[in-house]
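Notes follow the structure.
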Amino acid sequence: MNYDRPELLDKLASEYVLGTLRGRARRRFEQVLRAHPAARSTVHAWEDRLGRLASSVAPVKPPDRVWAAIEARLIPAPRAAVQAPSGWRAWIRPLAGFAFGAVFAIGLVVNDPGRFVSVDDVAQSRQALPQSYVGLLVNDAGDPTLLASSTRYGRRLTVKFLRPVDPAGKVIQLWALPREGAPFPVGVVKPAKPPASTTLDLADTSERLFSNVSRLAVSLEDAPAAGGALPSGPFVLAGNCVKLW
Amino acid sequence: MPDSASLQQDLSRVALGDRAAFQRVYRATSAHLFGVALRILNRRDLAEDALQEAFVNVWHNAGSYQAAASQPMTWLIAIVRNKALDHLRAAQRHVASSIDEESEDGTTVEIADERPNPMQLMVQATEGMRVRACMEKLDASHRQSLALAYYHGLSHSEVAEQMRAPLGSVKAWVRRGLERLKKCLESAE
């Protein structure tokens with residue numbers, strides 16, 4: 001079937017959202033949706049048109065066991081994890097991630113001693129203060145992509161590219177995710193070829209900006225985000241932000 | 001309806017694995033979404049499963065939610081409806097037989113369906129909305145087949161059975177109903 005014909009696409013999308021597209025035709029169309037952004041946006045338009053019909057459906061409080069089941073599936077409790085093998089596997093992943101981060105950080109120190117200098121060096125040169133806030137941002141596949149670092153009282157963030165980032169004609173917007181509250185924009189990362197670094201100027205010292213920030217993330221935006229703005233799309237990169245010293 | 005801006009913000013945090021935000025999204029939307037699933041499935045156990053799977057999906061795919069493309073509630077409703085439709089097919093339930101059946105003496109009797117009439121739901125949903133005027137412009141048969149398919153998740157043949165109309169006609173009503181609805185909404189924008 002030729003899914004490029006807009007009127008056919010529109011018909012399939014409308015019946016998919018309405019629910020009358022069934023069986024194998026529905027499965028096939030779901031495959032098309034995964035591959036074609038144009039098909040997805042046609043479906044979004046129909047979800048928008050028909051979604052308002054759902055507003056009159058009377059709410060019914062689901063029983064508490066539904067939330068309990070969701071939590072059990074997604075977030076195994078530590079105690080349950082010890083008992084259940086599947087829980088263990090779920091635990092290994094963050095541990096492995098942490099171990100990787102630690103090895104990575106050590107490797108960084110070994111390979112790039114200029115980044116982490118001794119106290120003596122600091123005393124000699126105030127330009128070479130050790131990086132205090134470090135964030136490792138990974139892509140959807142979990143590959144380390146950006147390493148953001150800054151000195152505690154510095155107003156400049158260094159962003160090292162570990163992998164290329166394709167901004168697709170947009171800007172690479174960096175966000176900080178505080179432990180509580182909404183994400184706030186940090187600045188725009190100038191693209192660079194790995195393993196080059198770029199820098200961006202911060203609105204305040206990193207101590208003031210990042211002391212309550214647990215994660216950093218990147219979204220692609222049409223224009224640099226203003227203060228108070230929220231990401232317009234999904235985060236393409238994200239990772240933990242830690243204070244080293 | 002939950003506040004759209006805070007839902008949007010919470011979804012962006014769910015994308016980063018924020019459990020507290022995830023729980024806030026659940027608390028704010030689960031009753032409405034459970035209602036939607038229940039209307040389609042008409043069985044609490046299946047609706048609970050559909051809701052559970054929908055939220056597992058939300059946890060894993062919050063990153064793909066595009067704030068610019070749709071309202072958070074629209075996105076969530078689409079996920080829940082898809083899960084409910086999956087369950088409906090899995091259960092291979094002949095909905096038409098449980099909605100209203102003709103008894104032996106030929107009169108129509110209601111059987112085991114406490115769901116509100118889909119036409120009534122459509123009228124309520126569109127109260128004060130532009131889509132209301134567009135729905136009213138549709139032929140009654142178009143409107144009714146859309147309502148049955150949307151609220152009860154009926155397939156073409158189930159709608160045909162329900163409306164006692166030929167399958168070919170129902171397919172045409174659904175298609176034309178959707179086309180005209182789109183055209184009308186676009187001209188009003």
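Each chain in the structure tokens gets a letter, A, B and so on, in the order shown; residues start at 1 in every chain, and ligands are counted from 1 in the order they appear.
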Got a sec: who's within 12 Å of Ala47 in chain B, counting only C-alpha atoms, leaving out chain neighbours fewer than 6 positions off, as a compact mmCIF listing (two decimals) with C-alpha atoms, in the first residue's frame?
```
# COMPACT_ATOMS: atom_id res chain seq x y z
CA VAL A 60 -14.21 6.52 37.75
CA LYS A 61 -11.60 6.17 40.47
CA PRO A 62 -9.56 3.06 39.76
CA PRO A 63 -8.90 0.74 42.72
CA VAL A 66 -3.80 -0.58 39.86
CA SER B 30 -6.19 8.08 36.35
CA ALA B 31 -9.88 8.50 37.19
CA LEU B 33 -8.58 7.65 31.93
CA PHE B 34 -10.09 4.72 33.82
CA GLY B 35 -13.53 6.06 32.86
CA VAL B 36 -12.50 6.13 29.21
CA ALA B 37 -11.17 2.55 29.34
CA LEU B 38 -14.25 1.35 31.20
CA ARG B 39 -16.59 2.83 28.57
CA ILE B 40 -14.76 0.89 25.86
CA LEU B 41 -14.22 -2.39 27.67
CA GLU B 53 -0.38 -0.99 30.75
CA ALA B 54 -1.08 2.55 29.63
CA VAL B 80 -5.34 4.54 27.08
CA ARG B 81 -7.74 4.14 24.16
CA ASN B 82 -5.12 2.17 22.23
CA LYS B 83 -4.53 -0.16 25.17
CA ALA B 84 -8.26 -0.57 25.69
CA LEU B 85 -8.78 -1.35 22.00
CA ASP B 86 -5.99 -3.95 22.21
CA HIS B 87 -7.75 -5.62 25.13
CA LEU B 88 -11.05 -5.46 23.38
CA ALA B 91 -11.07 -10.58 24.63
```
Determine, using only C-alpha atoms, which residues of chain A have any atom at most 7 Å from an atom of chain B, and tabulate each with its shortest atom pair and distance in Å to one decimal place, rows ordered by chain and then rising number, as JSON lines.
```
{"residue": "A:Ser14", "atom": "CA", "partner": "B:Leu178", "partner_atom": "CA", "distance": 6.9}
{"residue": "A:Leu18", "atom": "CA", "partner": "B:Tyr150", "partner_atom": "CA", "distance": 5.3}
{"residue": "A:Gly19", "atom": "CA", "partner": "B:Gly153", "partner_atom": "CA", "distance": 6.0}
{"residue": "A:Thr20", "atom": "CA", "partner": "B:Ser155", "partner_atom": "CA", "distance": 4.9}
{"residue": "A:His44", "atom": "CA", "partner": "B:Ser70", "partner_atom": "CA", "distance": 6.9}
{"residue": "A:Glu47", "atom": "CA", "partner": "B:Thr74", "partner_atom": "CA", "distance": 6.5}
{"residue": "A:Asp48", "atom": "CA", "partner": "B:Thr74", "partner_atom": "CA", "distance": 6.2}
{"residue": "A:Gly51", "atom": "CA", "partner": "B:Thr74", "partner_atom": "CA", "distance": 5.5}
{"residue": "A:Arg52", "atom": "CA", "partner": "B:Ala125", "partner_atom": "CA", "distance": 6.8}
{"residue": "A:Leu53", "atom": "CA", "partner": "B:Ala125", "partner_atom": "CA", "distance": 5.1}
{"residue": "A:Ala54", "atom": "CA", "partner": "B:Ala125", "partner_atom": "CA", "distance": 6.7}
{"residue": "A:Ser55", "atom": "CA", "partner": "B:Ala125", "partner_atom": "CA", "distance": 5.4}
{"residue": "A:Ser56", "atom": "CA", "partner": "B:Ala125", "partner_atom": "CA", "distance": 4.3}
{"residue": "A:Val57", "atom": "CA", "partner": "B:Val36", "partner_atom": "CA", "distance": 6.2}
{"residue": "A:Ala58", "atom": "CA", "partner": "B:Gly35", "partner_atom": "CA", "distance": 5.9}
{"residue": "A:Pro59", "atom": "CA", "partner": "B:His32", "partner_atom": "CA", "distance": 4.2}
{"residue": "A:Val60", "atom": "CA", "partner": "B:Ala31", "partner_atom": "CA", "distance": 4.8}
{"residue": "A:Lys61", "atom": "CA", "partner": "B:Ala31", "partner_atom": "CA", "distance": 4.4}
{"residue": "A:Pro62", "atom": "CA", "partner": "B:Ala31", "partner_atom": "CA", "distance": 6.0}
{"residue": "A:Val66", "atom": "CA", "partner": "B:Gln52", "partner_atom": "CA", "distance": 6.0}
{"residue": "A:Ile70", "atom": "CA", "partner": "B:Gln52", "partner_atom": "CA", "distance": 5.7}
{"residue": "A:Ala182", "atom": "CA", "partner": "B:Gln9", "partner_atom": "CA", "distance": 6.7}
{"residue": "A:Ser232", "atom": "CA", "partner": "B:Ala67", "partner_atom": "CA", "distance": 5.4}
{"residue": "A:Gly233", "atom": "CA", "partner": "B:Gln66", "partner_atom": "CA", "distance": 4.8}
{"residue": "A:Pro234", "atom": "CA", "partner": "B:Gly63", "partner_atom": "CA", "distance": 4.8}
{"residue": "A:Phe235", "atom": "CA", "partner": "B:Gly63", "partner_atom": "CA", "distance": 6.3}
```
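Coordinates place CA of Ala39 in chain A at a distance of 26.9 Å from CA of Ser169 in chain B.
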| task | Show which residues sit within 10 Å of Ala203 in chain A, as a PyMOL selection string. Count only C-alpha atoms, and ignore same-chain residues fewer than 5 positions away. | result | chain A and resi 155-156+186-187+208-209
Go ahead and save the picked residues with N, CA and C atoms, as a short mmCIF file (atom, residue, chain, number, x, y, z; two decimals), in the first residue's frame.
```cif
data_model
loop_
_atom_site.label_atom_id
_atom_site.label_comp_id
_atom_site.auth_asym_id
_atom_site.auth_seq_id
_atom_site.Cartn_x
_atom_site.Cartn_y
_atom_site.Cartn_z
N ARG A 155 31.73 30.88 36.31
CA ARG A 155 30.53 31.26 35.58
C ARG A 155 30.59 30.74 34.15
N ARG A 156 31.41 29.72 33.96
CA ARG A 156 31.54 29.17 32.62
C ARG A 156 31.44 27.66 32.71
N VAL A 186 19.73 26.37 31.07
CA VAL A 186 21.08 26.77 31.47
C VAL A 186 21.72 27.60 30.37
N GLY A 187 21.54 27.16 29.14
CA GLY A 187 22.12 27.88 28.02
C GLY A 187 22.16 27.00 26.79
N ARG A 208 25.74 28.40 42.77
CA ARG A 208 24.36 28.90 42.98
C ARG A 208 23.37 28.21 42.05
N LEU A 209 23.80 27.94 40.81
CA LEU A 209 22.87 27.35 39.84
C LEU A 209 22.63 25.87 40.11
#
```
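For the atom pair formed by CA of Arg152 in chain A and CA of Thr205 in chain A, the distance is 7.0 Å, given to one decimal.
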